[in-house]
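Source file query20.txt; content: compact mmCIF, C-alpha atoms.
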# COMPACT_ATOMS: atom_id res chain seq x y z
CA MET A 1 -48.38 41.28 1.97
CA ALA A 2 -50.67 38.33 1.11
CA ARG A 3 -54.30 38.08 2.26
CA THR A 4 -55.89 35.02 3.86
CA SER A 5 -59.34 34.39 5.36
CA THR A 6 -60.11 33.53 8.97
CA ALA A 7 -62.96 31.24 10.09
CA ALA A 8 -65.17 34.30 10.51
CA GLY A 9 -64.46 35.37 6.96
CA ALA A 10 -62.34 38.37 7.93
CA ALA A 11 -59.31 38.99 5.80
CA THR A 12 -55.95 39.12 7.53
CA GLU A 13 -52.51 39.84 6.17
CA ARG A 14 -49.50 37.61 6.46
CA PRO A 15 -45.93 38.34 5.37
CA ILE A 16 -44.73 36.88 2.08
CA ARG A 17 -41.69 34.65 2.57
CA ARG A 18 -39.10 35.63 0.04
CA ARG A 19 -36.15 33.46 -0.86
CA PRO A 20 -32.88 35.06 0.35
CA LYS A 21 -30.76 36.39 -2.51
CA ASN A 22 -27.74 34.55 -1.14
CA ARG A 23 -29.48 31.18 -0.75
CA LYS A 24 -27.04 29.41 -3.06
CA ALA A 25 -24.07 30.72 -1.08
CA GLN A 26 -25.79 29.69 2.18
CA ILE A 27 -26.18 26.15 0.90
CA ALA A 28 -22.56 26.02 -0.24
CA ASN A 29 -21.27 27.26 3.13
CA VAL A 30 -23.30 24.74 5.13
CA ALA A 31 -22.25 21.91 2.80
CA ALA A 32 -18.56 22.89 2.96
CA GLU A 33 -18.58 22.92 6.76
CA ALA A 34 -20.42 19.60 6.97
CA PHE A 35 -18.16 17.90 4.41
CA SER A 36 -15.07 19.24 6.19
CA GLU A 37 -16.20 18.13 9.63
CA ARG A 38 -17.66 14.70 8.88
CA GLY A 39 -16.65 13.76 5.36
CA TYR A 40 -18.41 13.83 2.00
CA HIS A 41 -20.12 10.45 2.25
CA ALA A 42 -21.36 10.92 5.81
CA VAL A 43 -23.41 14.01 4.94
CA GLY A 44 -26.79 13.83 3.19
CA VAL A 45 -28.45 16.43 0.99
CA ASP A 46 -31.60 16.42 3.15
CA GLU A 47 -29.45 17.14 6.19
CA ILE A 48 -27.86 20.15 4.48
CA ALA A 49 -31.28 21.39 3.41
CA ALA A 50 -32.72 20.98 6.92
CA THR A 51 -29.86 22.98 8.43
CA ILE A 52 -30.84 25.92 6.24
CA GLY A 53 -34.55 25.40 6.76
CA ILE A 54 -35.52 24.31 3.25
CA SER A 55 -36.61 21.06 1.66
CA GLY A 56 -34.47 18.71 -0.38
CA PRO A 57 -36.28 19.57 -3.63
CA ALA A 58 -35.71 23.27 -2.91
CA LEU A 59 -31.98 22.62 -2.60
CA TYR A 60 -31.96 20.81 -5.94
CA ARG A 61 -33.13 24.03 -7.60
CA HIS A 62 -29.66 25.37 -6.87
CA TYR A 63 -27.51 22.23 -7.17
CA PRO A 64 -28.40 19.16 -9.26
CA ASN A 65 -26.79 16.66 -6.84
CA LYS A 66 -24.48 16.30 -3.86
CA TYR A 67 -21.40 16.03 -6.06
CA ALA A 68 -22.12 19.47 -7.50
CA LEU A 69 -22.16 20.77 -3.93
CA LEU A 70 -18.76 19.22 -3.25
CA VAL A 71 -17.28 20.73 -6.40
CA HIS A 72 -18.69 24.16 -5.63
CA ALA A 73 -17.54 24.05 -2.00
CA ALA A 74 -14.02 22.90 -2.91
CA THR A 75 -13.56 25.35 -5.78
CA THR A 76 -14.95 28.26 -3.77
CA THR A 77 -12.44 27.60 -0.99
CA ALA A 78 -9.56 27.29 -3.45
CA ASP A 79 -10.64 30.37 -5.42
CA ALA A 80 -10.78 32.42 -2.21
CA LEU A 81 -7.17 31.45 -1.48
CA GLN A 82 -6.09 32.43 -5.00
CA ALA A 83 -7.99 35.71 -4.79
CA ALA A 84 -6.21 36.50 -1.52
CA ALA A 85 -2.82 35.78 -3.11
CA ASP A 86 -3.47 37.71 -6.32
CA GLY A 87 -5.01 40.60 -4.40
CA ALA A 88 -2.03 40.83 -2.07
CA LEU A 89 0.42 41.03 -4.98
CA ASP A 90 -1.66 43.41 -7.08
CA GLY A 91 -0.06 46.84 -7.22
CA VAL A 92 2.92 46.06 -4.97
CA ALA A 93 5.50 45.27 -7.66
CA GLU A 94 7.55 48.29 -6.61
CA LEU A 95 8.05 46.93 -3.09
CA GLU A 96 11.17 45.04 -2.05
CA PRO A 97 10.84 41.23 -2.31
CA GLY A 98 10.77 40.83 1.46
CA ASP A 99 7.97 43.36 1.84
CA ARG A 100 5.97 41.73 -0.97
CA LEU A 101 6.42 38.36 0.66
CA ASP A 102 5.32 39.67 4.07
CA HIS A 103 2.26 41.28 2.48
CA LEU A 104 1.39 38.01 0.72
CA ILE A 105 1.84 35.80 3.80
CA SER A 106 -0.31 38.16 5.87
CA ALA A 107 -3.13 37.96 3.32
CA LEU A 108 -2.95 34.17 3.05
CA VAL A 109 -2.86 33.67 6.82
CA ALA A 110 -5.87 35.99 7.28
CA ASN A 111 -7.81 34.12 4.58
CA THR A 112 -7.03 30.73 6.12
CA ILE A 113 -8.06 31.80 9.61
CA GLU A 114 -11.30 33.27 8.26
CA ASN A 115 -12.07 30.03 6.41
CA ARG A 116 -10.67 27.64 9.03
CA LYS A 117 -13.77 25.43 9.12
CA VAL A 118 -13.53 24.63 5.39
CA ALA A 119 -9.83 25.19 4.66
CA GLY A 120 -9.11 21.45 4.79
CA LEU A 121 -11.92 20.35 2.49
CA TYR A 122 -9.75 19.65 -0.55
CA ARG A 123 -7.02 18.15 1.61
CA TRP A 124 -9.28 15.36 2.88
CA GLU A 125 -12.18 15.07 0.45
CA GLY A 126 -10.40 15.88 -2.83
CA ARG A 127 -10.13 12.17 -3.64
CA TYR A 128 -13.87 12.14 -4.38
CA LEU A 129 -13.55 14.76 -7.10
CA GLU A 130 -13.43 13.69 -10.71
CA ALA A 131 -10.09 14.12 -12.46
CA GLU A 132 -10.96 17.36 -14.24
CA ASP A 133 -12.24 19.04 -11.09
CA ARG A 134 -9.33 17.76 -9.02
CA THR A 135 -6.84 19.09 -11.57
CA ARG A 136 -8.47 22.53 -11.61
CA ILE A 137 -8.20 22.89 -7.85
CA ARG A 138 -4.67 21.48 -7.77
CA ASP A 139 -3.69 24.10 -10.35
CA VAL A 140 -4.90 26.78 -7.94
CA PHE A 141 -2.61 25.50 -5.20
CA VAL A 142 0.29 25.33 -7.67
CA HIS A 143 -0.40 28.94 -8.63
CA VAL A 144 -0.51 30.14 -5.01
CA THR A 145 2.65 28.17 -4.20
CA GLN A 146 4.45 29.93 -7.04
CA CYS A 147 3.12 33.27 -5.81
CA VAL A 148 5.12 32.57 -2.64
CA ALA A 149 8.12 31.04 -4.42
CA GLY A 150 8.58 34.02 -6.79
CA PRO A 151 9.44 36.78 -4.31
CA LEU A 152 11.19 34.21 -2.10
CA ARG A 153 13.71 33.45 -4.87
CA GLU A 154 14.27 37.18 -5.35
CA LEU A 155 14.91 37.51 -1.63
CA ARG A 156 17.06 34.37 -1.50
CA PRO A 157 18.69 33.98 -4.93
CA GLU A 158 20.72 30.99 -3.70
CA LEU A 159 17.57 28.86 -3.65
CA THR A 160 16.93 26.41 -6.44
CA SER A 161 13.51 26.31 -8.06
CA VAL A 162 12.79 23.04 -6.24
CA ASP A 163 13.79 24.52 -2.88
CA ALA A 164 11.66 27.64 -3.36
CA THR A 165 8.66 25.55 -4.40
CA THR A 166 9.12 23.23 -1.41
CA LEU A 167 9.30 26.16 1.00
CA GLY A 168 6.28 27.79 -0.65
CA ALA A 169 4.23 24.60 -0.39
CA SER A 170 5.34 24.18 3.22
CA THR A 171 4.05 27.63 4.19
CA LEU A 172 0.64 26.73 2.76
CA SER A 173 0.75 23.43 4.68
CA VAL A 174 1.49 25.26 7.94
CA MET A 175 -1.44 27.61 7.37
CA GLY A 176 -3.80 24.81 6.35
CA SER A 177 -2.88 22.69 9.38
CA ILE A 178 -5.30 24.69 11.53
CA SER A 179 -8.17 22.93 9.76
CA ALA A 180 -7.08 19.53 11.12
CA HIS A 181 -7.76 20.18 14.82
CA ARG A 182 -9.96 22.24 17.13
CA THR A 183 -7.45 23.92 19.42
CA THR A 184 -8.55 27.50 20.01
CA LEU A 185 -6.52 30.69 20.24
CA ALA A 186 -7.41 34.38 20.02
CA THR A 187 -7.43 35.44 16.35
CA ARG A 188 -4.72 38.06 16.81
CA ARG A 189 -2.40 35.61 18.55
CA LEU A 190 -3.10 32.86 16.02
CA ASP A 191 -2.36 35.29 13.19
CA ALA A 192 1.00 36.18 14.76
CA LEU A 193 1.84 32.54 15.51
CA LEU A 194 1.16 31.36 11.95
CA LYS A 195 3.14 34.24 10.45
CA SER A 196 6.06 33.43 12.73
CA ALA A 197 5.92 29.73 11.79
CA CYS A 198 5.81 30.64 8.09
CA GLU A 199 8.80 32.94 8.54
CA SER A 200 10.72 30.06 10.14
CA ILE A 201 9.92 27.92 7.10
CA LEU A 202 10.89 30.62 4.60
CA ARG A 203 14.24 31.19 6.35
CA ALA A 204 15.08 27.47 6.48
CA THR A 205 18.13 26.14 4.68
CA LEU A 206 17.27 22.78 3.17
CA PRO A 207 19.83 20.02 2.69
CA PRO A 208 20.60 19.55 -1.03
CA ALA A 209 18.06 17.57 -2.99
CA VAL A 210 19.68 14.57 -4.67
CA PRO A 211 18.34 13.79 -8.18
CA THR A 212 16.15 10.71 -8.20
CA GLU A 213 17.55 9.26 -11.43
CA GLY A 214 19.05 5.86 -10.78
CA LYS A 215 18.03 6.03 -7.10
CA ASN A 216 15.53 4.01 -5.13
CA ALA A 217 12.95 6.73 -4.51
CA GLY A 218 9.72 4.77 -4.18
CA ALA A 219 7.48 5.07 -1.15
CA GLY A 220 8.06 2.23 1.27
CA ALA A 221 10.77 0.82 -1.01
CA VAL A 222 11.94 -1.76 1.53
CA ARG A 223 9.03 -3.75 2.94
CA GLY A 224 10.78 -6.75 4.53
CA LEU A 225 9.25 -10.21 4.74
CA ALA A 226 5.69 -10.88 3.66
CA VAL A 227 2.98 -11.09 6.33
CA THR A 228 1.55 -14.58 6.85
CA SER A 229 -1.13 -13.96 9.52
CA LYS A 230 -4.50 -13.56 7.82
CA ARG A 231 -5.57 -10.89 10.30
CA GLU A 232 -2.40 -8.87 9.67
CA LEU A 233 -2.72 -9.41 5.94
CA LEU A 234 -6.26 -8.05 6.00
CA ILE A 235 -5.16 -4.96 7.93
CA ASN A 236 -2.30 -4.34 5.51
CA GLU A 237 -4.49 -4.68 2.42
CA ALA A 238 -7.36 -2.70 3.95
CA VAL A 239 -5.23 0.36 4.62
CA LYS A 240 -4.02 0.40 1.01
CA ILE A 241 -7.57 0.16 -0.34
CA PHE A 242 -8.96 2.73 2.14
CA ASP A 243 -6.19 5.10 1.04
CA ARG A 244 -6.78 4.49 -2.66
CA HIS A 245 -10.58 4.64 -2.75
CA GLY A 246 -11.66 6.12 0.56
CA TYR A 247 -13.47 4.18 3.27
CA HIS A 248 -16.97 4.46 1.80
CA ASP A 249 -15.93 3.34 -1.69
CA SER A 250 -14.03 0.31 -0.38
CA SER A 251 -15.70 -3.04 0.13
CA ILE A 252 -15.04 -6.09 2.27
CA GLU A 253 -15.09 -8.17 -0.93
CA GLU A 254 -12.31 -6.07 -2.48
CA ILE A 255 -10.21 -6.17 0.69
CA GLY A 256 -10.68 -9.91 1.00
CA ALA A 257 -9.75 -10.48 -2.65
CA ALA A 258 -6.56 -8.42 -2.21
CA ALA A 259 -5.65 -10.58 0.77
CA GLY A 260 -6.57 -13.81 -1.04
CA ILE A 261 -9.49 -14.45 1.33
CA ASN A 262 -13.18 -14.69 0.46
CA ALA A 263 -15.57 -12.19 2.04
CA SER A 264 -17.19 -14.66 4.43
CA SER A 265 -13.78 -15.52 5.85
CA VAL A 266 -12.99 -11.83 6.42
CA TYR A 267 -15.90 -11.66 8.87
CA ARG A 268 -14.28 -14.34 11.03
CA HIS A 269 -11.55 -11.83 11.82
CA PHE A 270 -13.52 -8.55 11.71
CA PRO A 271 -17.30 -8.31 12.29
CA SER A 272 -17.62 -5.27 10.02
CA LYS A 273 -15.72 -2.89 7.78
CA ALA A 274 -15.78 -0.33 10.59
CA ASP A 275 -14.02 -2.80 12.89
CA LEU A 276 -11.38 -3.32 10.22
CA LEU A 277 -10.88 0.45 9.98
CA ALA A 278 -10.57 0.65 13.77
CA ALA A 279 -7.93 -2.09 13.68
CA VAL A 280 -5.94 -0.02 11.18
CA PHE A 281 -6.06 2.95 13.56
CA TYR A 282 -5.07 0.94 16.62
CA ARG A 283 -2.20 -0.66 14.75
CA ALA A 284 -0.95 2.78 13.66
CA SER A 285 -1.27 4.08 17.23
CA ASP A 286 0.67 1.12 18.61
CA ARG A 287 3.51 1.62 16.14
CA LEU A 288 3.58 5.33 16.90
CA ALA A 289 3.72 4.68 20.64
CA VAL A 290 6.65 2.29 20.22
CA ALA A 291 8.53 4.75 17.98
CA THR A 292 7.87 7.61 20.41
CA SER A 293 9.10 5.61 23.39
CA ALA A 294 12.26 4.59 21.54
CA ALA A 295 13.02 8.17 20.51
CA LEU A 296 12.52 9.57 24.02
CA SER A 297 14.62 6.85 25.65
CA THR A 298 17.79 8.05 23.90
CA ALA A 299 17.21 11.83 24.05
CA THR A 300 19.61 14.04 25.99
CA GLY A 301 17.17 16.93 26.48
CA PRO A 302 13.91 18.47 25.22
CA GLU A 303 15.33 19.85 21.96
CA ASP A 304 17.15 16.62 21.18
CA ALA A 305 13.94 14.73 22.01
CA LEU A 306 11.95 16.84 19.52
CA ARG A 307 14.52 16.20 16.81
CA LYS A 308 14.47 12.47 17.51
CA LEU A 309 10.66 12.40 17.61
CA ALA A 310 10.51 14.16 14.24
CA GLU A 311 13.00 11.68 12.79
CA SER A 312 11.12 8.63 14.08
CA TYR A 313 7.77 10.02 12.92
CA LEU A 314 9.20 10.62 9.45
CA GLU A 315 10.69 7.15 9.23
CA LEU A 316 7.43 5.53 10.32
CA SER A 317 5.28 7.69 8.03
CA PHE A 318 7.43 7.37 4.91
CA GLY A 319 7.67 3.63 5.42
CA ASN A 320 3.85 3.38 5.59
CA PRO A 321 2.41 6.42 3.78
CA GLU A 322 -1.00 4.77 3.27
CA VAL A 323 -1.43 4.51 7.03
CA LEU A 324 -0.61 8.20 7.43
CA SER A 325 -3.22 9.27 4.89
CA VAL A 326 -5.94 7.02 6.34
CA TYR A 327 -5.05 8.06 9.89
CA PHE A 328 -5.66 11.71 9.03
CA ALA A 329 -8.61 11.35 6.67
CA GLU A 330 -10.85 8.56 7.94
CA ILE A 331 -11.23 9.00 11.70
CA GLY A 332 -14.72 10.42 11.17
CA ASN A 333 -15.84 7.05 9.79
CA LEU A 334 -15.07 5.14 12.98
CA PRO A 335 -17.88 4.07 15.34
CA LYS A 336 -18.45 6.80 17.94
CA ASN A 337 -16.89 4.94 20.88
CA GLU A 338 -13.81 3.97 18.87
CA ARG A 339 -13.52 7.50 17.52
CA THR A 340 -13.54 8.90 21.05
CA ASN A 341 -10.93 6.39 22.25
CA LEU A 342 -8.61 7.04 19.32
CA ARG A 343 -8.95 10.81 19.54
CA ASN A 344 -7.83 10.50 23.15
CA VAL A 345 -4.84 8.42 22.04
CA GLN A 346 -3.99 11.02 19.39
CA ARG A 347 -4.33 13.80 21.94
CA LEU A 348 -1.92 12.09 24.34
CA HIS A 349 0.61 11.65 21.55
CA VAL A 350 0.40 15.32 20.58
CA GLU A 351 0.78 16.35 24.23
CA GLU A 352 4.14 14.56 24.40
CA TRP A 353 5.36 16.94 21.70
CA VAL A 354 3.63 19.95 23.26
CA HIS A 355 5.40 19.34 26.58
CA LEU A 356 8.77 19.32 24.83
CA VAL A 357 8.04 22.40 22.71
CA THR A 358 7.07 24.47 25.76
CA ALA A 359 10.19 23.24 27.59
CA VAL A 360 12.38 24.52 24.74
CA ARG A 361 10.35 27.64 23.92
CA THR A 362 9.19 28.91 27.29
CA GLU A 363 7.56 31.98 25.73
CA LEU A 364 4.85 29.78 24.20
CA SER A 365 1.64 28.68 25.89
CA ALA A 366 0.46 25.07 25.59
CA PRO A 367 -2.24 25.96 22.98
CA GLU A 368 0.34 27.83 20.89
CA ALA A 369 2.70 24.86 21.05
CA ARG A 370 -0.20 22.58 20.09
CA PHE A 371 -0.78 24.57 16.90
CA LEU A 372 2.90 24.23 16.01
CA VAL A 373 2.93 20.47 16.67
CA HIS A 374 -0.08 19.97 14.40
CA ALA A 375 1.65 22.12 11.75
CA ALA A 376 4.83 20.03 11.94
CA LEU A 377 2.91 16.73 11.73
CA GLY A 378 0.82 18.05 8.84
CA LEU A 379 3.98 18.86 6.89
CA VAL A 380 4.81 15.15 6.77
CA LEU A 381 1.58 14.37 4.95
CA ASP A 382 1.47 17.41 2.66
CA ILE A 383 5.13 17.56 1.64
CA GLY A 384 5.36 13.78 1.73
CA ARG A 385 2.69 13.68 -0.97
CA LEU A 386 4.54 16.38 -2.89
CA VAL A 387 7.72 14.28 -3.02
CA HIS A 388 5.79 11.00 -3.42
CA PHE A 389 7.08 9.82 -0.04
CA ASP A 390 10.61 9.45 -1.37
CA THR A 391 12.19 7.11 1.19
CA ARG A 392 15.81 8.17 0.64
CA GLU A 393 17.63 9.67 3.59
CA ASP A 394 18.25 13.03 1.92
CA SER A 395 14.53 13.45 1.20
CA ARG A 396 13.60 12.76 4.82
CA ALA A 397 16.37 15.10 5.97
CA ARG A 398 14.80 17.98 4.05
CA LEU A 399 11.44 17.39 5.66
CA HIS A 400 13.06 16.98 9.07
CA THR A 401 14.55 20.46 8.61
CA LEU A 402 11.08 21.87 7.91
CA MET A 403 9.53 20.15 10.92
CA THR A 404 12.19 21.38 13.33
CA ALA A 405 12.02 24.88 11.86
CA VAL A 406 8.34 25.05 12.83
CA LEU A 407 8.79 23.41 16.23
CA LEU A 408 11.93 25.22 17.31
CA GLY A 409 11.45 28.52 15.48
CA HIS A 410 14.91 28.42 13.92

Write the structure described by the file as structure tokens, please.
Amino acid sequence: MARTSTAAGAATERPIRRRPKNRKAQIANVAAEAFSERGYHAVGVDEIAATIGISGPALYRHYPNKYALLVHAATTTADALQAAADGALDGVAELEPGDRLDHLISALVANTIENRKVAGLYRWEGRYLEAEDRTRIRDVFVHVTQCVAGPLRELRPELTSVDATTLGASTLSVMGSISAHRTTLATRRLDALLKSACESILRATLPPAVPTEGKNAGAGAVRGLAVTSKRELLINEAVKIFDRHGYHDSSIEEIGAAAGINASSVYRHFPSKADLLAAVFYRASDRLAVATSAALSTATGPEDALRKLAESYLELSFGNPEVLSVYFAEIGNLPKNERTNLRNVQRLHVEEWVHLVTAVRTELSAPEARFLVHAALGLVLDIGRLVHFDTREDSRARLHTLMTAVLLGH
């Protein structure tokens, strides 16, 4: 206890405030949740400090800058996933491959649910990491993917190395998809649902992968005629730059230069960079609405509609992969009113899928179907990146198989 004097000169005792032993971990947890929810650039160090109840200078005693916080948060999340994988496989070598795989998937699902608020940090904010840090974390995901692929190939010896790796990466994508939305479900039911979805992935039979040598495998290989409208040209160039650098590290000057327009002229079409980002989102939503309507108009039933929706979503996404990445990663940077409007548009689109899933799989509730729809849509981004958005039909067919496996459960 410390002594202090009152006005009358009497000594009183006051408790000594001691710094918690886990202060550094507290800071990292708060930062990881804030970065995951609102994005790296939108969160300030003073805000993180205030959440914990300390000053900015006090935070700097633990971390030299905000970037160090991002690195620590991202690596901690990745290391926890690797620890779960390695721990699950430690001492179970004598088990049958299927039992080892079940044990591993259970551990990874439990870890992802426990860390749901930060599980998507690397997925969305990894672009802001320097190359060395990004490589280290990517190596962790490669390691965990191979932890899944190893026993899977023992269980299914007919699989090629590429197929086993694709299925392993897809199970991690399905688990990680819960970080991209806020649908709620009781932990026990969510655990069972994710395990079931992963089992559907691991049982899937992928169409043969055709070697890329001599083939046209580039993302968006066929682009059609060039855009002539300056407004459309600005939207097209903006989405590429937002995808490449992130919204906060992109400038109106750079976007204008890419479109062959000076910065002052850009403002004639869009009052601000945020308005340009909103235009990108609305354009993506319009295209998605048209594709969805076309797919549903030719469907013969709910299952056929889901298959057609998956096919149209893949075609649209692989033809414009930059739009897909920006659509997932940058919504937090929209003005509040636009963000609310576009989230409502996204929600309505997802509900189209949810309605069809519950029509086909009547045992599922709407929230359960919603988790599966988000998992299927997330596969397009995660596995699309893995295959560099290879636009060939056989590549899309493999991903279509994965999407329908999650949605239909077979």

Requested in this report: Would you list the contacts of Ile54 of chain A as a list in words, taking every protein, DNA or RNA residue within 12 Å and counting only C-alpha atoms, but skipping same-chain residues closer than 2 positions in sequence?
Outcome: Arg19, Pro20, Arg23, Lys24, Gln26, Ile27, Val45, Asp46, Glu47, Ile48, Ala49, Ala50, Thr51, Ile52, Gly56, Pro57, Ala58, Leu59, Tyr60, Arg61 and His62 of chain A

Query raised in the report: Which neighbours of segment 193-210 of chain A fall inside 8 Å, counting only C-alpha atoms, when residues of the same chain fewer than 3 positions from it are skipped, and could you give them as an MDAnalysis selection string?
Result: chainID A and resid 105:106 109 152 163 167:168 170:171 174:175 189:190 368 372 394:395 397:398 401:402 405:406 409:410

Report summary line: Of A:Ile178, A:Ile241, A:Val140, A:Ala263, the one nearest to Arg116 of chain A when counting all atoms listed in the file is A:Ile178

Can you tell me, as a PDB file with C-alpha atoms, in the frame of the given file, what residues are no more than 7 Å from segment 68-74 of chain A when counting only C-alpha atoms, ignoring any on the same chain fewer than 3 positions away?
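Contents of part-v8.pdb, freshly written:
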ATOM      1  CA  ALA A  28     -22.560  26.020  -0.240  1.00  0.00           C
ATOM      2  CA  ALA A  31     -22.250  21.910   2.800  1.00  0.00           C
ATOM      3  CA  ALA A  32     -18.560  22.890   2.960  1.00  0.00           C
ATOM      4  CA  TYR A  63     -27.510  22.230  -7.170  1.00  0.00           C
ATOM      5  CA  PRO A  64     -28.400  19.160  -9.260  1.00  0.00           C
ATOM      6  CA  ASN A  65     -26.790  16.660  -6.840  1.00  0.00           C
ATOM      7  CA  THR A  77     -12.440  27.600  -0.990  1.00  0.00           C
ATOM      8  CA  ALA A  78      -9.560  27.290  -3.450  1.00  0.00           C
ATOM      9  CA  LEU A 121     -11.920  20.350   2.490  1.00  0.00           C
ATOM     10  CA  TYR A 122      -9.750  19.650  -0.550  1.00  0.00           C
TER      11      TYR A 122
END

Query - Protein/DNA/RNA residues near (-6.4, 39.3, -3.9), cut 12 Å, all atoms listed in the file, as a ChimeraX atom specification - result: /A:79-92,103-108,110-111,144,147

Requested in this report: Can you work out the spacing between atom CA of Ser312 of chain A and atom CA of Thr404 of chain A in Å, to one decimal?
Outcome: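 Atom CA of Thr404 of chain A lies 12.8 Å from atom CA of Ser312 of chain A.
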